[in-house]
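Taking it in order: structure first as structure tokens, then the write-up.
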Amino acid sequence: MDKHEFLSPAWTEAARKVREEYAASAPAPPVNLRMNLVVNDVPFGDGPIDAHLDTSAGSFELDEGHLDEADLMVTVDYETAKAILIDQNPQAGMQAFMAGRIRVEGDMSKLLALQATQLDPTHVEVAARMREITE
């Protein structure tokens, strides 16, 4: 399996294919959330990456660009985003937040609700597949 740098265009395409594989079998996310992300200190490209996480359609969608009507905006550095989204390390997120490396604007209660939920086995499998495609 090819590995790609997290959030690179090749990674985004590979991640989209993984999500499509599981679309029929994955249950709906436990929290309805529309979150814009700004990822700073990206080791490739020119500047930050604008992305979003959207669960409002009943699935986890992590993709490029911002949503027009988001519940919140999270600004985070690349390494922390990777630790949270790929390594599934909530401690890294909490430490970064306490150190001021994560800024949240908007309805933070939805982000906390998502963090507090336990993923079902299918979502755990999808997360493992995401780690497999990430350098």
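The chains in the structure tokens are called A, B, ... from first to last as shown; in each chain the residues are counted from 1, and the ligands are counted from 1 in the order shown.
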Kindly assemble as a tab-separated table a list of the range 87-108 of chain A residues that lie within 9 Å of range 70-81 of chain A, each paired with its nearest atom pair and their distance in Å to one decimal, using only C-alpha atoms, sorted first by chain and then by ascending residue number.
residue	atom	partner	partner_atom	distance
A:Ala92	CA	A:Thr80	CA	6.6
A:Gly93	CA	A:Thr80	CA	6.5
A:Ala96	CA	A:Thr80	CA	7.0
A:Phe97	CA	A:Val76	CA	9.0
A:Arg101	CA	A:Val76	CA	6.2
A:Ile102	CA	A:Val76	CA	4.8
A:Arg103	CA	A:Thr75	CA	5.1
A:Val104	CA	A:Val74	CA	4.6
A:Glu105	CA	A:Met73	CA	5.1
A:Gly106	CA	A:Leu72	CA	4.2
A:Asp107	CA	A:Leu72	CA	5.4
A:Met108	CA	A:Leu72	CA	6.9
* Might you pull out every residue within 10 Å of range 22-29 of chain A, with only C-alpha atoms counted and same-chain residues fewer than 4 positions away left off, and present them as an NGL selection string? => :A and (17-18 or 33 or 54-60 or 114 or 117 or 119-123 or 125-126)
Okay, now the selection with C-alpha atoms, as a PDB file, in the first residue's frame?
ATOM      1  CA  LYS A  17     -11.072   6.092  -1.326  1.00  0.00           C
ATOM      2  CA  VAL A  18     -10.822   4.519   2.145  1.00  0.00           C
ATOM      3  CA  LEU A  33     -20.354  18.654  13.560  1.00  0.00           C
ATOM      4  CA  ASP A  54     -18.155  17.403   8.424  1.00  0.00           C
ATOM      5  CA  THR A  55     -20.372  14.755  10.001  1.00  0.00           C
ATOM      6  CA  SER A  56     -23.716  16.378   9.142  1.00  0.00           C
ATOM      7  CA  ALA A  57     -24.439  13.985   6.244  1.00  0.00           C
ATOM      8  CA  GLY A  58     -24.119  10.932   8.504  1.00  0.00           C
ATOM      9  CA  SER A  59     -20.483  10.105   7.765  1.00  0.00           C
ATOM     10  CA  PHE A  60     -17.033  11.457   8.614  1.00  0.00           C
ATOM     11  CA  LEU A 114     -16.963  14.457  19.584  1.00  0.00           C
ATOM     12  CA  THR A 117     -17.400   9.688  22.272  1.00  0.00           C
ATOM     13  CA  LEU A 119     -15.686   5.141  18.143  1.00  0.00           C
ATOM     14  CA  ASP A 120     -17.452   1.984  17.024  1.00  0.00           C
ATOM     15  CA  PRO A 121     -15.390  -0.882  15.500  1.00  0.00           C
ATOM     16  CA  THR A 122     -15.929   0.271  11.905  1.00  0.00           C
ATOM     17  CA  HIS A 123     -14.673   3.779  12.651  1.00  0.00           C
ATOM     18  CA  GLU A 125     -10.935   0.185  11.358  1.00  0.00           C
ATOM     19  CA  VAL A 126     -11.196   3.259   9.125  1.00  0.00           C
TER      20      VAL A 126
END
* Where in chain A does DSSP assign helix (DSSP H, G or I), given as a ChimeraX atom specification? -> /A:9-22,78-85,90-98,108-116,121-132
Could you take the residues named above and write them with C-alpha atoms, as an mmCIF file, in the first residue's frame?
data_model
loop_
_atom_site.group_PDB
_atom_site.id
_atom_site.type_symbol
_atom_site.label_atom_id
_atom_site.label_comp_id
_atom_site.auth_asym_id
_atom_site.auth_seq_id
_atom_site.Cartn_x
_atom_site.Cartn_y
_atom_site.Cartn_z
ATOM 1 C CA PRO A 9 -3.217 15.944 -2.313
ATOM 2 C CA ALA A 10 -2.237 12.267 -2.763
ATOM 3 C CA TRP A 11 -3.137 11.512 0.868
ATOM 4 C CA THR A 12 -6.460 13.317 0.533
ATOM 5 C CA GLU A 13 -7.348 11.217 -2.515
ATOM 6 C CA ALA A 14 -6.291 7.961 -0.822
ATOM 7 C CA ALA A 15 -8.275 8.902 2.305
ATOM 8 C CA ARG A 16 -11.341 9.613 0.172
ATOM 9 C CA LYS A 17 -11.072 6.092 -1.326
ATOM 10 C CA VAL A 18 -10.822 4.519 2.145
ATOM 11 C CA ARG A 19 -13.948 6.404 3.288
ATOM 12 C CA GLU A 20 -15.805 5.282 0.161
ATOM 13 C CA GLU A 21 -14.932 1.634 0.903
ATOM 14 C CA TYR A 22 -16.613 1.882 4.301
ATOM 15 C CA TYR A 78 0.538 20.109 11.355
ATOM 16 C CA GLU A 79 2.130 17.726 13.888
ATOM 17 C CA THR A 80 -0.734 18.160 16.362
ATOM 18 C CA ALA A 81 -3.359 17.653 13.641
ATOM 19 C CA LYS A 82 -1.612 14.442 12.606
ATOM 20 C CA ALA A 83 -1.372 13.235 16.217
ATOM 21 C CA ILE A 84 -5.091 13.832 16.775
ATOM 22 C CA LEU A 85 -6.558 12.712 13.447
ATOM 23 C CA PRO A 90 -6.367 12.734 22.452
ATOM 24 C CA GLN A 91 -3.610 13.560 24.956
ATOM 25 C CA ALA A 92 -1.631 15.326 22.223
ATOM 26 C CA GLY A 93 -4.679 17.461 21.510
ATOM 27 C CA MET A 94 -5.236 18.333 25.148
ATOM 28 C CA GLN A 95 -1.571 19.186 25.686
ATOM 29 C CA ALA A 96 -1.498 21.363 22.561
ATOM 30 C CA PHE A 97 -4.691 23.127 23.613
ATOM 31 C CA MET A 98 -3.341 23.840 27.092
ATOM 32 C CA MET A 108 -16.503 24.327 21.303
ATOM 33 C CA SER A 109 -19.117 22.112 22.985
ATOM 34 C CA LYS A 110 -19.531 20.142 19.730
ATOM 35 C CA LEU A 111 -15.797 19.500 19.545
ATOM 36 C CA LEU A 112 -15.756 18.341 23.161
ATOM 37 C CA ALA A 113 -18.764 16.087 22.511
ATOM 38 C CA LEU A 114 -16.963 14.457 19.584
ATOM 39 C CA GLN A 115 -13.815 13.977 21.630
ATOM 40 C CA ALA A 116 -15.793 12.360 24.467
ATOM 41 C CA PRO A 121 -15.390 -0.882 15.500
ATOM 42 C CA THR A 122 -15.929 0.271 11.905
ATOM 43 C CA HIS A 123 -14.673 3.779 12.651
ATOM 44 C CA VAL A 124 -11.694 2.262 14.477
ATOM 45 C CA GLU A 125 -10.935 0.185 11.358
ATOM 46 C CA VAL A 126 -11.196 3.259 9.125
ATOM 47 C CA ALA A 127 -8.803 5.128 11.439
ATOM 48 C CA ALA A 128 -6.344 2.212 11.201
ATOM 49 C CA ARG A 129 -6.573 2.310 7.408
ATOM 50 C CA MET A 130 -5.871 6.059 7.505
ATOM 51 C CA ARG A 131 -2.710 5.347 9.509
ATOM 52 C CA GLU A 132 -1.684 2.749 6.893
#
* Asked: Hey, can you check how far CA of Leu62 in chain A sits from CA of Gly100 in chain A?
  ->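 About the pair CA of Leu62 in chain A and CA of Gly100 in chain A: they are 23.5 Å apart.
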* To do: Calculate how many Å separate CA of Glu135 in chain A from CA of Ile49 in chain A, rounding to one decimal.
  =>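 Atom-to-atom, CA of Glu135 in chain A and CA of Ile49 in chain A are spaced 17.6 Å apart.
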